[in-house]
Structures are given as structure tokens and as C-alpha cells.
Number of protein chains: 2
Amino acid sequence: MARVAKPEDAAEMRKRLLRGAYAAIAEHGFGAVTLQDVADQAGVSKALALYYFKNKEQLLVAVMERIDGIIRARAAQAISDNASEGPRAQLLAYLGALTQGAQRHRDFYLVYLDFLSAGLRKVDMRASTLRFILGCETLEEEVVARGVAEGEFRRDLEPGEAAAVVRALIDGLSIEWLFRDDEPFARFCERLRRAVFGYLGA
Amino acid sequence: MARVAKPEDAAEMRKRLLRGAYAAIAEHGFGAVTLQDVADQAGVSKALALYYFKNKEQLLVAVMERIDGIIRARAAQAISDNASEGPRAQLLAYLGALTQGAQRHRDFYLVYLDFLSAGLRKVDMRASTLRFILGCETLEEEVVARGVAEGEFRRDLEPGEAAAVVRALIDGLSIEWLFRDDEPFARFCERLRRAVFGYLGA
DNA sequence: TATGATTGTCTGACCGGTCAGACAATAGTG
DNA sequence: CACTATTGTCTGACCGGTCAGACAATCATA
């Protein structure tokens with residue numbers, strides 16, 4: 001690989017490697033991904049990945065942390081942007097933020113699924129995966145609590161528990177969708193909305 | 001490893017290897033499991049695994065197929081056993097059959113999660129994983145349809161869609177539970193039941 | 001002894017990680 | 001400005017180790 005004309009700074013290179021790793025994981029899976037795959041995706045030598053990251057595991061952890069940062073910030077933004085529109089609109093915007101685009105959503109869940117599996121076995125992975133899950137639930141709880149308080153959702157809901165259910169619906173239906181090649185992305189989004197609002201009794 | 005006193009017949013040995021593979025996957029993860037792990041768990045030499053299965057991948061596929069066979073049969077049994085008790089009891093028994101015992105359920109979802117991931121990438125895995133998912137949904141649809149027809153569940157539910165939601169709840173909440181070391185298994189089961197029946201409006 | 005089951009051993013492929021050094025940019029010096 | 005030293009970035013070659021699978025020898029039984 002020819003050296004890039006203008007050397008990018010360190011932060012830029014790290015990002016490029018993380019994006020490469022993300023793509024490589026989506027393609028080969030967490031367990032099967034190799035440093036060479038990452039390097040190829042990033043258009044860079046394998047040794048460089050280890051120049052920027054202590055080892056393979058640290059690189060992969062950093063991928064999850066990056067995903068977490070990006071997605072959760074976007075989701076939180078969607079919620080606060082719609083604060084004046086009421087909890088129903090907030091939840092809708094939140095779901096929209098999480099399911100942004102067919103290809104993106106597909107890749108995300110391919111990678112996320114692997115991180116779930118890895119987080120249950122490798123201690124280092126656990127922390128960052130858990131942070132994403134709990135972070136999302138916190139956001140969901142906030143909206144659900146408001147919806148319940150304002151009488152837009154079922155009164156008998158306990159916000160913490162309901163948030164976990166919303167999370168389960170998102171994860172569960174996303175996984176199922178990954179297996180349905182035939183179903184258009186838009187229809188999946190509809191089903192997800194119906195399931196969530198159906199559960200919340202909205 | 002000492003040879004077993006009485007040589008078991010082929011079917012028995014296959015089962016033993018499959019059980020070993022199941023345990024090994026639960027421990028190390030699908031991507032990281034080695035033939036040696038499987039052999040160790042089965043108390044047998046590595047070469048024997050390749051004597052009974054064409055290669056590693058075939059062995060792993062067979063694991064998923066075995067799981068599918070066992071679990072789905074048990075779930076179907078639970079449903080038919082409670083046919084006279086009505087759809088609510090059937091669904092309860094079905095959920096009970098799927099979540100049978102903390103350790104078993106935990107191991108199952110550890111393995112299942114990996115098969116989901118593998119099924120999305122390897123063609124050979126896809127078929128057997130998909131069979132399990134769709135098979136479960138068929139069972140769920142049957143019960144939901146009856147519940148809707150008899151007015152025990154919400155009238156506006158479309159059974160096929162609702163079955164997918166029930167499946168999503170089981171998967172999603174199970175995954176979350178795996179991450180909560182503190183939550184007792186019984187409480188998870190309660191939450192699952194509340195979520196499912198809450199959604200169905202029962 | 002003949003046959004199928006089981007094992008130990010070997011090998012080629014691959015992977016993570018190291019390392020010496022190449023190259024470009026920058027800083028310092030006269 | 002011209003020249004050199006220094007630093008940070010990046011690579012190809014390589015090493016130790018692991019794994020899937022092949023294979024021939026051994027064992028148990030009929």
C-alpha cells in the first residue's frame with residue numbers, strides 16, 4: 001500500500017482503523033476477524049493496526065466504544081430535539097435514530113450481536129457492551145416515565161421494566177429482520193413501531 | 001484417555017460428541033471453540049470427532065440441529081399438553097418449556113446467540129438456525145391465534161406479527177438477563193411473562 | 001483373524017505479535 | 001538558505017504458537 005500523500009494525524013488514522021475493523025467484523029464476524037482483514041479494509045498494513053492499538057483485543061474494544069459513543073449520542077439528541085413534541089414523538093424519533101438506514105442498521109446489528117456474545121465471555125468486552133445496553137435503557141426509561149406520567153402510555157407500567165422490554169423488542173426484532181432477506185427495511189421499522197407502541201398501550 | 005469399557009454404538013457416540021460440542025461452545029464461544037475443546041468435553045480424542053463428522057463445521061451444524069430438535073419438541077409438547085386449559089395456560093407452559101432452569105437456559109442462550117451470528121454469515125449454518133426461529137414462531141402463532149379468536153388476547157393483533165413480537169421478547173429479554181449477574185432467574189421469568197402478556201393485552 | 005472404532009502423531013496453513021529499518025516531516029544549526 | 005539530526009509513521013519479513021485435518025498404528029470385539 002502506497003503511503004498516503006499527506007500523512008493524516010493520529011486521531012484520523014485511528015478512526016480509519018476503527019472503521020476498517022467495524023467493516024471487517026460485519027463481514028467475517030467477531031470471532032473470525034483477523035488483523036489482516038482489518039488492515040485490508042483500512043487500506044493499510046497489518047503492523048500499523050498494532051502500532052495504534054496495544055493488541056487485537058484493545059482494537060476491538062475500541063470499536064465497541066466508538067459505536068456506543070456515536071449511536072447513543074445520536075439517540076439522545078433525537079430525544080432532546082423532540083422534548084416539546086411529547087413522549088410519543090420522542091420515542092418515535094429515538095427509534096428512527098437507532099434504525100437509520102437499511103445497510104447501516106444491518107451492519108450495526110451484525111456487529112452488535114457479536115459484541116453481545118463476546119461481552120458475555122471476555123471481561124474487557126463486557127464493560128463497553130454493557131455500557132451501551134444500560135445507556136440505551138436509561139434513555140428509554142426517561143421517555144417511558146414521561147409518557148406514563150402524562151398518561152400517554154399504560155398507567156401500570158414500571159418505567160425501568162418497560163425500558164428493558166422496549167430494548168428487548170428492538171434487539172429481538174432487529175435480529176429476526178436480519179434473517180428475513182425478503183422483508184423491506186421500511187416494513188421492519190413499521191413492525192417495530194407497532195410492537196413498541198402496542199406494548200406501551202399507546 | 002482410557003477407552004470406555006463397552007463401546008457405545010455410533011448414535012450414542014455422536015450424541016456424546018454433540019453434548020461435548022454444546023458445552024464447549026457455551027464455554028468458549030462459537031468462533032473460538034476448537035476440536036480439542038470438544039474432544040476434552042466429550043472425554044475422547046480429537047481425531048474421533050472427525051471420524052464421526054466430516055469436518056468441524058458439520059459438527060457444529062449438527063449441534064444446532066440437535067438443539068432445535070430437543071427444544072422445539074419440548075415446546076410443542078407443552079402446548080399440546082395444555083390444549084384443554086386454554087391459550088393463556090398454553091403460552092405459560094410454552095414459556096416455561098423454553099426457560100427451563102437457570103443454568104440450562106443460560107447455556108442455551110450463550111450458544112444460540114453464537115448460532116444467530118454464525119447463521120447470518122455461513123450458509124450452512126443459516127438453514128438450521130432459521131428452522132429453529134421459524135419453528136418457534138409457528139408454535140407461538142398457533143397459540144396467539146387461538147387466544148385472539150377466543151377473545152383472551154387483544155383483538156387487533158395479527159397472529160403472525162404478534163408471534164414475531166413474542167419471539168423478540170423472549171430473545172431480547174434473555175440476552176439482557178445474561179448480562180445481569182445479580183438478577184435471580186425466577187425474577188427474569190416473571191418479567192418475561194409480564195412483558196409477553198402485557199403485549200398481548202391479556 | 002478380520003473389521004470397525006479409537007488414538008497419537010504429524011503437517012501445512014494461518015494468525016497475532018515483534019522488529020529492524022525505510023520514509024517523510026520537522027527542528028535545529030551554521 | 002543549505003545541511004543534518006531527530007522524531008513520528010508505516011511497512012515487509014519473520015517467529016512462535018495453534019489449529020484443522022490426514023494418516024497409520026493400535027485396540028476391542030465377534
# chains A, B, ... in the order shown; residues from 1 in each chain; ligands from 1
call {"tool": "residues_around", "arguments": {"residues": "D:DC14", "least_positions_apart": "2", "cutoff": "12 Å", "atoms": "only C-alpha atoms (C1' of nucleotides)", "output": "list in words"}}
result
DG17, DT18, DC19 and DA20 of chain C; DG12 and DG16 of chain D
call {"tool": "interface_residues", "arguments": {"of": "chain A", "to": "chain B", "cutoff": "8 Å", "atoms": "only C-alpha atoms", "output": "mmCIF file with C-alpha atoms, in the first residue's frame"}}
result
data_model
loop_
_atom_site.group_PDB
_atom_site.id
_atom_site.type_symbol
_atom_site.label_atom_id
_atom_site.label_comp_id
_atom_site.auth_asym_id
_atom_site.auth_seq_id
_atom_site.Cartn_x
_atom_site.Cartn_y
_atom_site.Cartn_z
ATOM 1 C CA GLU A 27 -18.227 -9.225 7.138
ATOM 2 C CA HIS A 28 -16.423 -12.035 8.937
ATOM 3 C CA GLY A 29 -17.797 -11.945 12.463
ATOM 4 C CA PHE A 30 -16.075 -11.079 15.682
ATOM 5 C CA GLY A 31 -14.561 -14.479 16.274
ATOM 6 C CA ALA A 32 -13.226 -14.923 12.766
ATOM 7 C CA LEU A 110 -24.299 -7.855 12.750
ATOM 8 C CA LEU A 113 -24.704 -9.280 18.007
ATOM 9 C CA ASP A 114 -21.096 -10.375 18.072
ATOM 10 C CA SER A 117 -21.602 -12.733 22.553
ATOM 11 C CA ALA A 118 -18.060 -11.531 23.224
ATOM 12 C CA LEU A 120 -20.529 -12.453 27.869
ATOM 13 C CA ARG A 121 -17.182 -14.214 27.763
ATOM 14 C CA LEU A 130 -22.871 -3.252 28.982
ATOM 15 C CA GLU A 161 -39.001 -2.625 33.453
ATOM 16 C CA ALA A 164 -35.936 -3.173 29.284
ATOM 17 C CA VAL A 165 -38.869 -4.508 27.294
ATOM 18 C CA ARG A 167 -34.837 -2.650 24.400
ATOM 19 C CA ALA A 168 -35.687 -6.328 24.036
ATOM 20 C CA LEU A 169 -38.145 -5.526 21.258
ATOM 21 C CA ILE A 170 -35.575 -3.510 19.363
ATOM 22 C CA ASP A 171 -32.924 -6.182 19.689
ATOM 23 C CA GLY A 172 -35.200 -9.137 19.128
ATOM 24 C CA LEU A 173 -36.987 -7.753 16.103
ATOM 25 C CA GLU A 176 -35.250 -11.521 13.254
ATOM 26 C CA LEU A 178 -31.554 -9.851 9.700
ATOM 27 C CA PHE A 179 -32.762 -13.320 8.812
ATOM 28 C CA ARG A 191 -43.435 -3.553 12.768
ATOM 29 C CA ALA A 195 -44.728 -3.600 18.685
ATOM 30 C CA GLY A 198 -48.595 -1.802 21.247
ATOM 31 C CA TYR A 199 -46.735 -2.836 24.365
ATOM 32 C CA LEU A 200 -46.820 0.644 25.837
#
call {"tool": "calpha_fit_and_write", "arguments": {"fixed": "chain A", "moving": "chain B", "output": "compact mmCIF listing (two decimals) with C-alpha atoms, in the first residue's frame"}}
result
# COMPACT_ATOMS: atom_id res chain seq x y z
CA MET B 1 -0.15 -0.15 -0.35
CA ALA B 2 0.83 3.35 -1.35
CA ARG B 3 1.40 5.68 1.48
CA VAL B 4 -1.25 8.38 1.79
CA ALA B 5 -0.05 11.69 0.43
CA LYS B 6 -0.51 13.76 3.54
CA PRO B 7 -0.03 11.80 6.72
CA GLU B 8 -3.19 12.08 8.70
CA ASP B 9 -2.84 12.80 12.35
CA ALA B 10 -3.08 10.10 14.95
CA ALA B 11 -6.76 10.60 15.76
CA GLU B 12 -7.68 10.39 12.12
CA MET B 13 -5.72 7.20 11.62
CA ARG B 14 -7.31 5.60 14.66
CA LYS B 15 -10.72 6.41 13.28
CA ARG B 16 -9.82 4.95 9.95
CA LEU B 17 -8.65 1.73 11.59
CA LEU B 18 -11.76 1.53 13.74
CA ARG B 19 -13.97 1.96 10.71
CA GLY B 20 -12.01 -0.75 8.96
CA ALA B 21 -12.40 -3.05 11.95
CA TYR B 22 -16.12 -2.36 12.06
CA ALA B 23 -16.51 -3.29 8.41
CA ALA B 24 -14.33 -6.36 8.84
CA ILE B 25 -16.34 -7.59 11.81
CA ALA B 26 -19.59 -7.07 9.94
CA GLU B 27 -18.22 -9.14 7.08
CA HIS B 28 -16.41 -11.97 8.84
CA GLY B 29 -17.76 -11.98 12.36
CA PHE B 30 -16.03 -11.12 15.60
CA GLY B 31 -14.45 -14.51 16.12
CA ALA B 32 -13.16 -14.89 12.59
CA VAL B 33 -11.88 -11.39 11.95
CA THR B 34 -8.12 -11.06 11.52
CA LEU B 35 -5.79 -8.11 11.78
CA GLN B 36 -5.16 -8.52 8.07
CA ASP B 37 -8.88 -8.08 7.35
CA VAL B 38 -8.89 -4.90 9.38
CA ALA B 39 -5.79 -3.58 7.65
CA ASP B 40 -7.18 -4.38 4.22
CA GLN B 41 -10.44 -2.60 4.98
CA ALA B 42 -8.50 0.41 6.21
CA GLY B 43 -6.12 0.31 3.25
CA VAL B 44 -3.12 0.09 5.51
CA SER B 45 -0.57 -2.46 6.65
CA LYS B 46 -1.33 -4.96 9.37
CA ALA B 47 1.56 -3.77 11.49
CA LEU B 48 0.06 -0.31 11.69
CA ALA B 49 -2.98 -1.60 13.50
CA LEU B 50 -0.68 -2.82 16.25
CA TYR B 51 1.14 0.47 16.23
CA TYR B 52 -2.04 2.30 17.18
CA PHE B 53 -3.54 -0.36 19.40
CA LYS B 54 -1.79 -2.43 22.02
CA ASN B 55 -3.24 -5.65 20.61
CA LYS B 56 -6.14 -7.05 18.69
CA GLU B 57 -8.45 -7.19 21.68
CA GLN B 58 -7.90 -3.54 22.56
CA LEU B 59 -8.69 -2.61 18.98
CA LEU B 60 -11.95 -4.52 19.11
CA VAL B 61 -12.92 -3.01 22.43
CA ALA B 62 -12.30 0.40 20.94
CA VAL B 63 -14.68 -0.45 18.10
CA MET B 64 -17.48 -1.13 20.56
CA GLU B 65 -16.71 2.04 22.43
CA ARG B 66 -16.83 4.08 19.25
CA ILE B 67 -20.13 2.56 18.22
CA ASP B 68 -21.51 3.22 21.66
CA GLY B 69 -20.41 6.83 21.57
CA ILE B 70 -21.82 7.57 18.14
CA ILE B 71 -25.13 5.76 18.36
CA ARG B 72 -26.01 6.79 21.86
CA ALA B 73 -25.21 10.41 21.21
CA ARG B 74 -27.44 10.36 18.15
CA ALA B 75 -30.24 8.68 20.09
CA ALA B 76 -29.98 11.15 22.95
CA GLN B 77 -30.04 14.00 20.47
CA ALA B 78 -33.21 12.66 18.87
CA ILE B 79 -34.90 12.57 22.24
CA SER B 80 -33.91 16.04 23.34
CA ASP B 81 -34.69 17.51 19.91
CA ASN B 82 -38.27 16.36 20.31
CA ALA B 83 -38.77 17.30 23.91
CA SER B 84 -41.44 19.81 23.00
CA GLU B 85 -43.32 17.33 20.83
CA GLY B 86 -44.19 14.98 23.64
CA PRO B 87 -43.06 11.47 24.61
CA ARG B 88 -44.66 9.73 21.67
CA ALA B 89 -42.73 11.82 19.15
CA GLN B 90 -39.59 11.43 21.24
CA LEU B 91 -39.86 7.67 21.18
CA LEU B 92 -40.52 7.71 17.46
CA ALA B 93 -37.47 9.85 16.84
CA TYR B 94 -35.42 7.63 19.13
CA LEU B 95 -36.39 4.52 17.20
CA GLY B 96 -35.62 6.34 13.98
CA ALA B 97 -32.18 7.27 15.23
CA LEU B 98 -31.40 3.67 16.14
CA THR B 99 -32.64 2.24 12.87
CA GLN B 100 -31.02 4.64 10.49
CA GLY B 101 -30.88 3.15 7.02
CA ALA B 102 -31.12 -0.49 6.01
CA GLN B 103 -27.45 -1.17 5.34
CA ARG B 104 -26.24 0.73 8.37
CA HIS B 105 -28.72 -0.92 10.64
CA ARG B 106 -27.88 -4.32 9.24
CA ASP B 107 -24.16 -3.88 9.70
CA PHE B 108 -24.67 -2.48 13.15
CA TYR B 109 -26.67 -5.46 14.35
CA LEU B 110 -24.28 -7.91 12.76
CA VAL B 111 -21.51 -6.34 14.77
CA TYR B 112 -23.54 -5.73 17.89
CA LEU B 113 -24.68 -9.35 18.02
CA ASP B 114 -21.07 -10.43 18.07
CA PHE B 115 -20.22 -7.97 20.79
CA LEU B 116 -23.04 -9.32 22.90
CA SER B 117 -21.58 -12.77 22.57
CA ALA B 118 -18.04 -11.57 23.23
CA GLY B 119 -19.17 -9.42 26.15
CA LEU B 120 -20.54 -12.46 27.89
CA ARG B 121 -17.19 -14.24 27.80
CA LYS B 122 -14.35 -11.72 27.74
CA VAL B 123 -14.16 -9.42 30.71
CA ASP B 124 -12.69 -6.53 28.76
CA MET B 125 -15.52 -6.60 26.28
CA ARG B 126 -18.19 -6.82 28.90
CA ALA B 127 -17.80 -3.31 30.23
CA SER B 128 -18.21 -1.49 26.94
CA THR B 129 -21.05 -3.69 25.72
CA LEU B 130 -22.87 -3.31 28.99
CA ARG B 131 -22.41 0.45 28.87
CA PHE B 132 -24.23 0.57 25.57
CA ILE B 133 -27.12 -1.59 26.75
CA LEU B 134 -27.62 0.23 30.02
CA GLY B 135 -27.11 3.59 28.37
CA CYS B 136 -29.88 2.89 25.90
CA GLU B 137 -32.15 1.68 28.64
CA THR B 138 -31.60 4.88 30.55
CA LEU B 139 -32.71 6.90 27.54
CA GLU B 140 -35.72 4.69 27.02
CA GLU B 141 -36.66 4.86 30.67
CA GLU B 142 -36.63 8.64 30.57
CA VAL B 143 -39.09 8.74 27.69
CA VAL B 144 -41.31 5.98 29.06
CA ALA B 145 -41.46 7.64 32.46
CA ARG B 146 -42.60 10.86 30.88
CA GLY B 147 -45.17 9.08 28.73
CA VAL B 148 -46.60 7.30 31.75
CA ALA B 149 -46.66 10.50 33.80
CA GLU B 150 -48.46 12.36 31.05
CA GLY B 151 -50.93 9.55 30.56
CA GLU B 152 -49.87 8.78 27.01
CA PHE B 153 -48.74 5.24 27.87
CA ARG B 154 -50.28 2.58 30.06
CA ARG B 155 -50.51 3.66 33.68
CA ASP B 156 -49.49 0.33 35.15
CA LEU B 157 -46.02 0.40 33.56
CA GLU B 158 -42.95 0.55 35.72
CA PRO B 159 -40.57 2.70 33.62
CA GLY B 160 -37.41 0.72 34.38
CA GLU B 161 -39.01 -2.55 33.46
CA ALA B 162 -40.75 -1.11 30.42
CA ALA B 163 -37.47 0.32 29.17
CA ALA B 164 -35.95 -3.14 29.30
CA VAL B 165 -38.88 -4.47 27.30
CA VAL B 166 -38.51 -1.77 24.67
CA ARG B 167 -34.83 -2.65 24.41
CA ALA B 168 -35.70 -6.32 24.06
CA LEU B 169 -38.15 -5.52 21.28
CA ILE B 170 -35.57 -3.53 19.37
CA ASP B 171 -32.93 -6.21 19.71
CA GLY B 172 -35.21 -9.16 19.16
CA LEU B 173 -37.00 -7.78 16.14
CA SER B 174 -33.77 -6.52 14.61
CA ILE B 175 -32.24 -9.99 14.89
CA GLU B 176 -35.29 -11.57 13.30
CA TRP B 177 -35.19 -9.03 10.52
CA LEU B 178 -31.60 -9.93 9.73
CA PHE B 179 -32.82 -13.40 8.88
CA ARG B 180 -35.62 -12.24 6.60
CA ASP B 181 -33.98 -11.32 3.34
CA ASP B 182 -37.34 -10.70 1.77
CA GLU B 183 -38.69 -8.11 4.19
CA PRO B 184 -38.16 -4.49 3.17
CA PHE B 185 -36.50 -2.34 5.75
CA ALA B 186 -39.44 0.04 5.92
CA ARG B 187 -41.79 -2.74 6.86
CA PHE B 188 -39.47 -3.83 9.64
CA CYS B 189 -39.48 -0.30 11.02
CA GLU B 190 -43.26 -0.29 10.97
CA ARG B 191 -43.45 -3.59 12.78
CA LEU B 192 -41.03 -2.33 15.38
CA ARG B 193 -43.09 0.79 15.98
CA ARG B 194 -46.33 -1.17 16.25
CA ALA B 195 -44.73 -3.59 18.69
CA VAL B 196 -43.31 -0.87 20.91
CA PHE B 197 -46.41 1.30 20.95
CA GLY B 198 -48.61 -1.76 21.25
CA TYR B 199 -46.74 -2.77 24.36
CA LEU B 200 -46.82 0.69 25.82
CA GLY B 201 -50.52 0.81 25.17
CA ALA B 202 -50.26 4.05 23.24
call {"tool": "interface_residues", "arguments": {"of": "chain D", "to": "chain A", "cutoff": "9 Å", "atoms": "only C-alpha atoms (C1' of nucleotides)", "output": "ChimeraX atom specification"}}
result
/D:9-11
call {"tool": "write_last_selection", "arguments": {"atoms": "N, CA and C atoms (P, O5', C5', C4', C3', O3' and C1' of nucleotides)", "output": "PDB file, in the first residue's frame"}}
result
ATOM      1  P    DT D   9       2.883   9.766  15.056  1.00  0.00           P
ATOM      2  O5'  DT D   9       3.049   8.984  13.669  1.00  0.00           O
ATOM      3  C5'  DT D   9       3.202   9.732  12.483  1.00  0.00           C
ATOM      4  C4'  DT D   9       3.388   8.843  11.291  1.00  0.00           C
ATOM      5  C3'  DT D   9       2.467   7.625  11.193  1.00  0.00           C
ATOM      6  O3'  DT D   9       1.896   7.626   9.894  1.00  0.00           O
ATOM      7  C1'  DT D   9       4.713   6.958  10.897  1.00  0.00           C
ATOM      8  P    DC D  10       0.670   6.637   9.544  1.00  0.00           P
ATOM      9  O5'  DC D  10       1.425   5.403   8.886  1.00  0.00           O
ATOM     10  C5'  DC D  10       2.125   5.604   7.651  1.00  0.00           C
ATOM     11  C4'  DC D  10       2.969   4.395   7.346  1.00  0.00           C
ATOM     12  C3'  DC D  10       2.251   3.056   7.394  1.00  0.00           C
ATOM     13  O3'  DC D  10       2.013   2.618   6.056  1.00  0.00           O
ATOM     14  C1'  DC D  10       4.469   2.953   8.295  1.00  0.00           C
ATOM     15  P    DT D  11       1.290   1.192   5.795  1.00  0.00           P
ATOM     16  O5'  DT D  11       2.562   0.278   5.534  1.00  0.00           O
ATOM     17  C5'  DT D  11       3.540   0.707   4.597  1.00  0.00           C
ATOM     18  C4'  DT D  11       4.691  -0.269   4.564  1.00  0.00           C
ATOM     19  C3'  DT D  11       4.273  -1.729   4.428  1.00  0.00           C
ATOM     20  O3'  DT D  11       4.775  -2.247   3.216  1.00  0.00           O
ATOM     21  C1'  DT D  11       5.910  -1.454   6.158  1.00  0.00           C
TER      22       DT D  11
END
call {"tool": "closest_atom_pairs", "arguments": {"of": "chain C", "to": "chain A", "cutoff": "12 Å", "atoms": "only C-alpha atoms (C1' of nucleotides)", "output": "tab-separated table"}}
result
residue	atom	partner	partner_atom	distance
C:DC14	C1'	A:Thr34	CA	10.1
C:DC15	C1'	A:Thr34	CA	7.4
C:DG16	C1'	A:Lys56	CA	7.8
C:DG17	C1'	A:Asn55	CA	8.0
C:DT18	C1'	A:Ala47	CA	9.4
C:DC19	C1'	A:Ala47	CA	10.5
C:DA22	C1'	A:Arg3	CA	11.6
C:DC23	C1'	A:Arg3	CA	9.2
C:DA24	C1'	A:Pro7	CA	8.6
C:DA25	C1'	A:Pro7	CA	9.1
call {"tool": "select_by_dssp", "arguments": {"residues": "stretch 23-167 of chain A", "states": "helix (DSSP H, G or I)", "output": "PyMOL selection string"}}
result
chain A and resi 23-28+35-42+46-52+56-81+83-85+87-98+102-119+123-149+159-167
call {"tool": "atom_distance", "arguments": {"atom1": "atom C1' of D:DA28", "atom2": "atom C1' of C:DT11"}}
result
29.4 Å
